[in-house]
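J.: This one is model_0.pdb, PDB, C-alpha atoms, pLDDT in the B column.
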```
ATOM      1  CA  LEU Q   1      48.768  -4.107  -1.765  1.00 57.00           C
ATOM      2  CA  THR Q   2      48.936  -7.754  -2.840  1.00 66.00           C
ATOM      3  CA  GLY Q   3      49.329  -6.699  -6.447  1.00 65.00           C
ATOM      4  CA  GLU Q   4      46.317  -8.665  -7.664  1.00 70.00           C
ATOM      5  CA  MET Q   5      44.615  -5.555  -9.017  1.00 69.00           C
ATOM      6  CA  PRO Q   6      44.841  -4.173 -11.556  1.00 70.00           C
ATOM      7  CA  PRO Q   7      45.608  -7.288 -13.628  1.00 73.00           C
ATOM      8  CA  LYS Q   8      49.207  -7.813 -14.585  1.00 70.00           C
ATOM      9  CA  ASP Q   9      48.469  -7.251 -18.256  1.00 73.00           C
ATOM     10  CA  ALA Q  10      46.878  -3.879 -17.523  1.00 69.00           C
ATOM     11  CA  SER Q  11      48.889  -0.880 -18.643  1.00 68.00           C
ATOM     12  CA  PRO Q  12      50.193   1.141 -16.987  1.00 75.00           C
ATOM     13  CA  GLN Q  13      50.691  -0.470 -13.592  1.00 76.00           C
ATOM     14  CA  PRO Q  14      50.703   1.744 -10.461  1.00 76.00           C
ATOM     15  CA  SER Q  15      53.959   1.968  -8.569  1.00 81.00           C
ATOM     16  CA  GLY Q  16      54.408   0.681  -5.058  1.00 80.00           C
ATOM     17  CA  VAL Q  17      54.322   4.253  -3.745  1.00 84.00           C
ATOM     18  CA  GLN Q  18      51.007   4.859  -5.482  1.00 83.00           C
ATOM     19  CA  ARG Q  19      49.519   1.657  -4.057  1.00 81.00           C
ATOM     20  CA  GLU Q  20      50.572   2.697  -0.569  1.00 84.00           C
ATOM     21  CA  ALA Q  21      49.029   6.154  -1.036  1.00 86.00           C
ATOM     22  CA  VAL Q  22      45.688   4.686  -2.134  1.00 83.00           C
ATOM     23  CA  ALA Q  23      45.677   2.233   0.782  1.00 83.00           C
ATOM     24  CA  ARG Q  24      46.343   5.042   3.291  1.00 85.00           C
ATOM     25  CA  PHE Q  25      43.576   7.153   1.739  1.00 84.00           C
ATOM     26  CA  ILE Q  26      41.020   4.325   2.069  1.00 83.00           C
ATOM     27  CA  GLU Q  27      42.058   3.555   5.648  1.00 82.00           C
ATOM     28  CA  ALA Q  28      41.752   7.220   6.625  1.00 82.00           C
ATOM     29  CA  ALA Q  29      38.303   7.452   5.072  1.00 79.00           C
ATOM     30  CA  LEU Q  30      37.114   4.362   6.944  1.00 76.00           C
ATOM     31  CA  GLU Q  31      38.417   5.708  10.233  1.00 77.00           C
ATOM     32  CA  THR Q  32      36.158   8.763   9.908  1.00 76.00           C
ATOM     33  CA  VAL Q  33      33.013   6.582   9.965  1.00 68.00           C
ATOM     34  CA  ASP Q  34      31.404   6.464  13.394  1.00 72.00           C
ATOM     35  CA  PRO Q  35      30.282   2.855  13.984  1.00 70.00           C
ATOM     36  CA  ASN Q  36      27.904   4.099  16.697  1.00 75.00           C
ATOM     37  CA  ALA Q  37      26.176   6.662  14.488  1.00 71.00           C
ATOM     38  CA  ARG Q  38      22.411   6.306  14.059  1.00 71.00           C
ATOM     39  CA  PRO Q  39      21.436   4.846  10.702  1.00 65.00           C
ATOM     40  CA  THR Q  40      19.967   7.299   8.234  1.00 62.00           C
ATOM     41  CA  ALA Q  41      17.831   5.223   5.933  1.00 57.00           C
ATOM     42  CA  GLY Q  42      16.398   6.912   2.900  1.00 58.00           C
ATOM     43  CA  ARG Q  43      12.694   7.295   2.275  1.00 61.00           C
ATOM     44  CA  GLY Q  44      10.774   5.671  -0.522  1.00 59.00           C
ATOM     45  CA  ALA Q  45       8.601   7.873  -2.674  1.00 64.00           C
ATOM     46  CA  THR Q  46       4.886   7.722  -1.943  1.00 74.00           C
ATOM     47  CA  ARG Q  47       3.131   6.251  -4.952  1.00 77.00           C
ATOM     48  CA  ARG Q  48      -0.266   4.951  -5.813  1.00 86.00           C
ATOM     49  CA  LEU Q  49      -0.984   1.360  -6.738  1.00 89.00           C
ATOM     50  CA  ASN Q  50      -0.671   0.654 -10.422  1.00 88.00           C
ATOM     51  CA  ARG Q  51      -3.479  -1.175 -12.181  1.00 89.00           C
ATOM     52  CA  ALA Q  52      -2.072  -4.655 -11.616  1.00 91.00           C
ATOM     53  CA  GLU Q  53      -1.430  -3.968  -7.932  1.00 91.00           C
ATOM     54  CA  TYR Q  54      -4.907  -2.496  -7.485  1.00 94.00           C
ATOM     55  CA  ARG Q  55      -6.553  -5.493  -9.149  1.00 95.00           C
ATOM     56  CA  ASN Q  56      -4.557  -8.005  -7.112  1.00 95.00           C
ATOM     57  CA  THR Q  57      -5.114  -6.119  -3.859  1.00 96.00           C
ATOM     58  CA  LEU Q  58      -8.887  -6.096  -4.385  1.00 96.00           C
ATOM     59  CA  ARG Q  59      -8.755  -9.837  -4.937  1.00 96.00           C
ATOM     60  CA  ASP Q  60      -6.763 -10.444  -1.759  1.00 96.00           C
ATOM     61  CA  LEU Q  61      -8.757  -7.965   0.304  1.00 97.00           C
ATOM     62  CA  LEU Q  62     -12.326  -8.761  -0.714  1.00 96.00           C
ATOM     63  CA  GLY Q  63     -12.159 -11.846  -2.888  1.00 95.00           C
ATOM     64  CA  VAL Q  64     -13.136  -9.785  -5.938  1.00 95.00           C
ATOM     65  CA  LYS Q  65     -12.275 -11.762  -9.063  1.00 94.00           C
ATOM     66  CA  THR Q  66     -13.729  -9.392 -11.661  1.00 95.00           C
ATOM     67  CA  ASP Q  67     -11.132  -7.172 -13.324  1.00 95.00           C
ATOM     68  CA  LEU Q  68     -12.418  -3.704 -12.479  1.00 96.00           C
ATOM     69  CA  THR Q  69      -9.448  -1.950 -14.081  1.00 94.00           C
ATOM     70  CA  LYS Q  70     -10.303  -2.650 -17.723  1.00 93.00           C
ATOM     71  CA  ASP Q  71     -11.504   0.894 -18.363  1.00 91.00           C
ATOM     72  CA  PHE Q  72      -8.877   2.573 -16.173  1.00 89.00           C
ATOM     73  CA  PRO Q  73      -6.489   4.927 -17.971  1.00 82.00           C
ATOM     74  CA  SER Q  74      -3.094   3.413 -18.676  1.00 78.00           C
ATOM     75  CA  ASP Q  75      -0.409   3.824 -16.043  1.00 65.00           C
ATOM     76  CA  ASP Q  76       2.426   6.133 -16.960  1.00 63.00           C
ATOM     77  CA  VAL Q  77       5.851   4.547 -17.259  1.00 65.00           C
ATOM     78  CA  GLY Q  78       9.131   5.936 -15.988  1.00 61.00           C
ATOM     79  CA  TYR Q  79      12.516   4.461 -16.916  1.00 57.00           C
ATOM     80  CA  GLY Q  80      10.695   1.443 -18.310  1.00 60.00           C
ATOM     81  CA  PHE Q  81       8.806   0.693 -15.070  1.00 58.00           C
ATOM     82  CA  ASP Q  82       5.193   1.285 -14.020  1.00 56.00           C
ATOM     83  CA  VAL Q  83       5.974   1.447 -10.299  1.00 55.00           C
ATOM     84  CA  ILE Q  84       7.746   4.805 -10.250  1.00 57.00           C
ATOM     85  CA  GLY Q  85       6.142   7.193  -7.787  1.00 57.00           C
ATOM     86  CA  ASP Q  86       7.000  10.284  -9.802  1.00 57.00           C
ATOM     87  CA  VAL Q  87       4.828   9.181 -12.732  1.00 59.00           C
ATOM     88  CA  LEU Q  88       1.962   7.415 -10.943  1.00 65.00           C
ATOM     89  CA  SER Q  89      -0.235  10.458 -10.491  1.00 72.00           C
ATOM     90  CA  LEU Q  90      -3.928  10.502  -9.600  1.00 73.00           C
ATOM     91  CA  PRO Q  91      -5.835  12.516 -12.217  1.00 79.00           C
ATOM     92  CA  PRO Q  92      -9.553  13.304 -11.663  1.00 88.00           C
ATOM     93  CA  LEU Q  93     -10.600  10.760 -14.294  1.00 90.00           C
ATOM     94  CA  LEU Q  94      -8.850   7.958 -12.430  1.00 89.00           C
ATOM     95  CA  MET Q  95     -10.431   9.035  -9.137  1.00 92.00           C
ATOM     96  CA  GLU Q  96     -13.839   8.750 -10.802  1.00 95.00           C
ATOM     97  CA  LYS Q  97     -12.905   5.229 -11.902  1.00 95.00           C
ATOM     98  CA  TYR Q  98     -11.890   4.361  -8.351  1.00 94.00           C
ATOM     99  CA  MET Q  99     -15.250   5.560  -7.057  1.00 96.00           C
ATOM    100  CA  ALA Q 100     -17.152   3.445  -9.558  1.00 97.00           C
ATOM    101  CA  ALA Q 101     -14.928   0.428  -8.962  1.00 97.00           C
ATOM    102  CA  SER Q 102     -15.419   0.691  -5.206  1.00 97.00           C
ATOM    103  CA  LEU Q 103     -19.177   0.221  -5.615  1.00 97.00           C
ATOM    104  CA  LYS Q 104     -18.776  -2.781  -7.903  1.00 97.00           C
ATOM    105  CA  ALA Q 105     -16.167  -4.295  -5.594  1.00 97.00           C
ATOM    106  CA  ALA Q 106     -18.340  -3.865  -2.508  1.00 97.00           C
ATOM    107  CA  GLN Q 107     -21.355  -5.367  -4.243  1.00 97.00           C
ATOM    108  CA  GLU Q 108     -19.348  -8.364  -5.406  1.00 96.00           C
ATOM    109  CA  ALA Q 109     -17.777  -8.755  -1.983  1.00 96.00           C
ATOM    110  CA  ILE Q 110     -21.094  -9.141  -0.177  1.00 95.00           C
ATOM    111  CA  ALA Q 111     -22.369 -11.588  -2.796  1.00 93.00           C
ATOM    112  CA  GLY Q 112     -19.301 -13.781  -3.094  1.00 85.00           C
ATOM    113  CA  PRO Q 113     -19.250 -17.358  -1.757  1.00 86.00           C
ATOM    114  CA  GLU Q 114     -16.366 -16.566   0.611  1.00 88.00           C
ATOM    115  CA  LYS Q 115     -17.809 -13.294   1.960  1.00 89.00           C
ATOM    116  CA  ASP Q 116     -17.630 -14.442   5.586  1.00 89.00           C
ATOM    117  CA  LYS Q 117     -13.881 -15.018   5.139  1.00 93.00           C
ATOM    118  CA  PHE Q 118     -13.139 -11.650   3.529  1.00 95.00           C
ATOM    119  CA  VAL Q 119     -15.649  -9.222   5.018  1.00 96.00           C
ATOM    120  CA  PHE Q 120     -18.126 -10.663   7.488  1.00 96.00           C
ATOM    121  CA  VAL Q 121     -15.862 -11.842  10.285  1.00 96.00           C
ATOM    122  CA  ALA Q 122     -18.738 -11.046  12.648  1.00 96.00           C
ATOM    123  CA  ARG Q 123     -22.531 -11.140  12.395  1.00 96.00           C
ATOM    124  CA  PRO Q 124     -25.134  -9.287  14.463  1.00 96.00           C
ATOM    125  CA  ALA Q 125     -25.884 -11.260  17.613  1.00 94.00           C
ATOM    126  CA  ALA Q 126     -29.408 -11.660  18.897  1.00 92.00           C
ATOM    127  CA  GLY Q 127     -30.336  -8.685  21.029  1.00 91.00           C
ATOM    128  CA  ALA Q 128     -27.103  -6.804  20.176  1.00 94.00           C
ATOM    129  CA  PRO Q 129     -26.883  -3.704  17.985  1.00 95.00           C
ATOM    130  CA  PRO Q 130     -25.797  -4.549  14.414  1.00 96.00           C
ATOM    131  CA  ARG Q 131     -23.284  -1.716  14.799  1.00 97.00           C
ATOM    132  CA  ASP Q 132     -21.228  -3.912  17.141  1.00 97.00           C
ATOM    133  CA  ALA Q 133     -20.737  -6.527  14.429  1.00 97.00           C
ATOM    134  CA  ALA Q 134     -20.114  -3.790  11.871  1.00 98.00           C
ATOM    135  CA  ARG Q 135     -17.351  -2.354  14.045  1.00 98.00           C
ATOM    136  CA  GLU Q 136     -15.563  -5.700  14.197  1.00 97.00           C
ATOM    137  CA  CYS Q 137     -15.913  -6.260  10.461  1.00 98.00           C
ATOM    138  CA  LEU Q 138     -14.755  -2.768   9.557  1.00 98.00           C
ATOM    139  CA  ALA Q 139     -11.810  -2.785  11.946  1.00 97.00           C
ATOM    140  CA  ASN Q 140     -10.591  -5.978  10.301  1.00 97.00           C
ATOM    141  CA  LEU Q 141     -11.204  -4.612   6.812  1.00 97.00           C
ATOM    142  CA  ALA Q 142      -9.465  -1.299   7.509  1.00 97.00           C
ATOM    143  CA  ARG Q 143      -6.441  -3.019   9.025  1.00 97.00           C
ATOM    144  CA  ARG Q 144      -5.976  -5.104   5.901  1.00 97.00           C
ATOM    145  CA  ALA Q 145      -6.807  -2.294   3.469  1.00 97.00           C
ATOM    146  CA  PHE Q 146      -4.496   0.229   5.147  1.00 96.00           C
ATOM    147  CA  ARG Q 147      -1.733  -2.355   5.707  1.00 93.00           C
ATOM    148  CA  ARG Q 148      -1.507  -1.330   9.363  1.00 93.00           C
ATOM    149  CA  PRO Q 149      -3.731  -1.220  12.479  1.00 94.00           C
ATOM    150  CA  ALA Q 150      -6.669   1.127  11.956  1.00 95.00           C
ATOM    151  CA  GLN Q 151      -6.947   4.142  14.240  1.00 96.00           C
ATOM    152  CA  PRO Q 152     -10.135   4.519  16.370  1.00 96.00           C
ATOM    153  CA  ALA Q 153     -11.074   7.710  14.510  1.00 97.00           C
ATOM    154  CA  GLU Q 154     -10.813   5.885  11.190  1.00 97.00           C
ATOM    155  CA  ILE Q 155     -13.119   3.122  12.389  1.00 97.00           C
ATOM    156  CA  ASP Q 156     -15.573   5.701  13.725  1.00 97.00           C
ATOM    157  CA  ARG Q 157     -15.741   7.343  10.295  1.00 97.00           C
ATOM    158  CA  LEU Q 158     -16.483   3.986   8.691  1.00 98.00           C
ATOM    159  CA  LEU Q 159     -19.208   3.334  11.264  1.00 98.00           C
ATOM    160  CA  LYS Q 160     -20.862   6.591  10.276  1.00 97.00           C
ATOM    161  CA  LEU Q 161     -20.988   5.246   6.742  1.00 97.00           C
ATOM    162  CA  PHE Q 162     -22.549   2.069   8.129  1.00 97.00           C
ATOM    163  CA  ASP Q 163     -25.171   4.130   9.917  1.00 97.00           C
ATOM    164  CA  ALA Q 164     -25.994   5.901   6.658  1.00 96.00           C
ATOM    165  CA  GLY Q 165     -26.149   2.618   4.778  1.00 96.00           C
ATOM    166  CA  ALA Q 166     -28.328   1.003   7.440  1.00 96.00           C
ATOM    167  CA  GLN Q 167     -30.976   3.685   7.019  1.00 94.00           C
ATOM    168  CA  GLU Q 168     -31.496   2.583   3.417  1.00 93.00           C
ATOM    169  CA  ALA Q 169     -30.958  -1.158   3.867  1.00 94.00           C
ATOM    170  CA  ASN Q 170     -34.191  -1.902   5.773  1.00 92.00           C
ATOM    171  CA  GLY Q 171     -32.473  -4.173   8.261  1.00 91.00           C
ATOM    172  CA  ASP Q 172     -30.307  -5.988   5.713  1.00 96.00           C
ATOM    173  CA  PHE Q 173     -26.898  -6.078   7.402  1.00 97.00           C
ATOM    174  CA  GLU Q 174     -25.008  -7.044   4.271  1.00 97.00           C
ATOM    175  CA  LYS Q 175     -26.478  -4.249   2.169  1.00 97.00           C
ATOM    176  CA  ALA Q 176     -25.806  -1.798   4.983  1.00 97.00           C
ATOM    177  CA  MET Q 177     -22.130  -2.745   4.715  1.00 98.00           C
ATOM    178  CA  ILE Q 178     -21.761  -1.734   1.060  1.00 97.00           C
ATOM    179  CA  LEU Q 179     -21.159   1.949   1.802  1.00 97.00           C
ATOM    180  CA  PRO Q 180     -18.585   1.430   4.599  1.00 98.00           C
ATOM    181  CA  ILE Q 181     -16.770  -1.198   2.506  1.00 98.00           C
ATOM    182  CA  ARG Q 182     -16.363   1.422  -0.208  1.00 98.00           C
ATOM    183  CA  GLY Q 183     -14.814   3.863   2.275  1.00 97.00           C
ATOM    184  CA  PRO Q 184     -11.362   2.254   2.559  1.00 97.00           C
ATOM    185  CA  LEU Q 185     -11.244   1.548  -1.180  1.00 97.00           C
ATOM    186  CA  VAL Q 186     -11.119   5.248  -2.051  1.00 96.00           C
ATOM    187  CA  SER Q 187      -8.882   6.257   0.838  1.00 95.00           C
ATOM    188  CA  PRO Q 188      -5.300   7.441   0.180  1.00 92.00           C
ATOM    189  CA  GLN Q 189      -4.276   4.912   2.832  1.00 93.00           C
ATOM    190  CA  PHE Q 190      -5.378   2.180   0.423  1.00 95.00           C
ATOM    191  CA  LEU Q 191      -4.676   3.702  -2.977  1.00 92.00           C
ATOM    192  CA  PHE Q 192      -1.128   4.753  -2.102  1.00 88.00           C
ATOM    193  CA  ARG Q 193       1.839   2.784  -0.862  1.00 80.00           C
ATOM    194  CA  LEU Q 194       2.840   4.808   2.181  1.00 70.00           C
ATOM    195  CA  GLU Q 195       6.302   3.921   3.449  1.00 65.00           C
ATOM    196  CA  PRO Q 196       6.837   4.240   7.240  1.00 59.00           C
ATOM    197  CA  ASP Q 197       9.361   6.751   8.508  1.00 56.00           C
ATOM    198  CA  ARG Q 198      12.582   4.825   9.163  1.00 53.00           C
ATOM    199  CA  SER Q 199      14.757   7.791  10.050  1.00 51.00           C
ATOM    200  CA  GLY Q 200      13.996   7.554  13.741  1.00 49.00           C
ATOM    201  CA  THR Q 201      13.240  11.260  13.892  1.00 48.00           C
ATOM    202  CA  GLY Q 202       9.511  11.048  13.289  1.00 47.00           C
ATOM    203  CA  ASP Q 203       9.803  13.911  10.769  1.00 45.00           C
TER
END
```
Would you kindly transcribe this structure into structure tokens?

T.:
Amino acid sequence: LTGEMPPKDASPQPSGVQREAVARFIEAALETVDPNARPTAGRGATRRLNRAEYRNTLRDLLGVKTDLTKDFPSDDVGYGFDVIGDVLSLPPLLMEKYMAASLKAAQEAIAGPEKDKFVFVARPAAGAPPRDAARECLANLARRAFRRPAQPAEIDRLLKLFDAGAQEANGDFEKAMILPIRGPLVSPQFLFRLEPDRSGTGD
């Protein structure tokens, strides 16, 4: 209503009656908005990590510095971006690459100079079952890999992998951890960016 828009040199200029009509329309529309209504945030599309994200996440999670994505198939691109959920599919070939990379990553993780920092936050105590230390290590690893607190059932599944690995490791705790370290690395909870439900409905 101040006449600042449209610019004076614009042609044609709206009349005063037209300006008033537009102002009343906007005011009426704003009055229909309930300020106490619950927010309805949209949901982000679930998408897998692209190659760069996967490589960087392995580095941050396990201290793995080797690029394990060199022989991965190229990420599809949508609208010029490689972070579009609709094009970041998970073909069988890529899943095979993830399986192979998980073994190499786990092996490098237990051999790295900073392995206590990244994986072995606990060690078997004298007279205590190695499984106790494994539980602490795996709970920490799963929390970081899944980007959220790990559920008890998830930790139990990883401990079953530890039990299987321990049978072949002949008492070597670090080697027994290779199999359970691989578990989170091939989980959808790790490979995909899962956005939490922000709608408040839990649907």

J.: Between atom CA of Q:Ala125 and atom CA of Q:Ala164, what is the spacing in Å?

T.: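 Computing it gives 20.4 Å between the two atoms.
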
J.: Any idea what's packed within 7 Å of stretch 96-111 of chain Q, counting all atoms listed in the file, ignoring anything in its chain fewer than 6 positions away? Could you give it as a PyMOL selection string?

T.: chain Q and resi 62-64+68+72+174+178+181-182+185-186

J.: Name the residues captured by the PyMOL selection byres ((chain Q and resi 189) around 12) when it is applied to the shown file; answer as a compact mmCIF listing (two decimals) with C-alpha atoms, keeping the file's coordinate frame.

T.:
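This went into part_6.txt:
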```txt
# COMPACT_ATOMS: atom_id res chain seq x y z
CA THR Q 46 4.89 7.72 -1.94
CA ARG Q 47 3.13 6.25 -4.95
CA ARG Q 48 -0.27 4.95 -5.81
CA LEU Q 49 -0.98 1.36 -6.74
CA ALA Q 142 -9.46 -1.30 7.51
CA ARG Q 143 -6.44 -3.02 9.02
CA ARG Q 144 -5.98 -5.10 5.90
CA ALA Q 145 -6.81 -2.29 3.47
CA PHE Q 146 -4.50 0.23 5.15
CA ARG Q 147 -1.73 -2.36 5.71
CA ARG Q 148 -1.51 -1.33 9.36
CA PRO Q 149 -3.73 -1.22 12.48
CA ALA Q 150 -6.67 1.13 11.96
CA GLN Q 151 -6.95 4.14 14.24
CA GLU Q 154 -10.81 5.88 11.19
CA GLY Q 183 -14.81 3.86 2.28
CA PRO Q 184 -11.36 2.25 2.56
CA LEU Q 185 -11.24 1.55 -1.18
CA VAL Q 186 -11.12 5.25 -2.05
CA SER Q 187 -8.88 6.26 0.84
CA PRO Q 188 -5.30 7.44 0.18
CA PHE Q 190 -5.38 2.18 0.42
CA LEU Q 191 -4.68 3.70 -2.98
CA PHE Q 192 -1.13 4.75 -2.10
CA ARG Q 193 1.84 2.78 -0.86
CA LEU Q 194 2.84 4.81 2.18
CA GLU Q 195 6.30 3.92 3.45
CA PRO Q 196 6.84 4.24 7.24
```

J.: Which value, in Å to one decimal, gives the distance between atom CA of Q:Lys70 and atom CA of Q:Arg55?

T.: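 These two atoms are separated by 9.8 Å.
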
J.: List the residues selected by the PyMOL selection byres ((chain Q and resi 159) around 12) in the file shown, writing them as a PyMOL selection string.

T.: chain Q and resi 130-139+142+152-158+160-166+176-184

J.: Which is closest to Q:Phe118 among Q:Ala52, Q:Leu58, Q:Val22, Q:Val17, if we use only C-alpha atoms?

T.: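 Smallest distance to Q:Phe118 is found for Q:Leu58.
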
J.: Calculate how many Å separate atom CA of Q:Phe120 from atom CA of Q:Met95, rounding to one decimal.

T.: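 Computing it gives 26.9 Å between the two atoms.
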
J.: Going by the chain IDs and residue numbers used in this file, which residues fall under the PyMOL selection byres ((chain Q and resi 73) around 9)? Write them as a ChimeraX atom specification.

T.: /Q:51,69-72,74-75,93-94,97
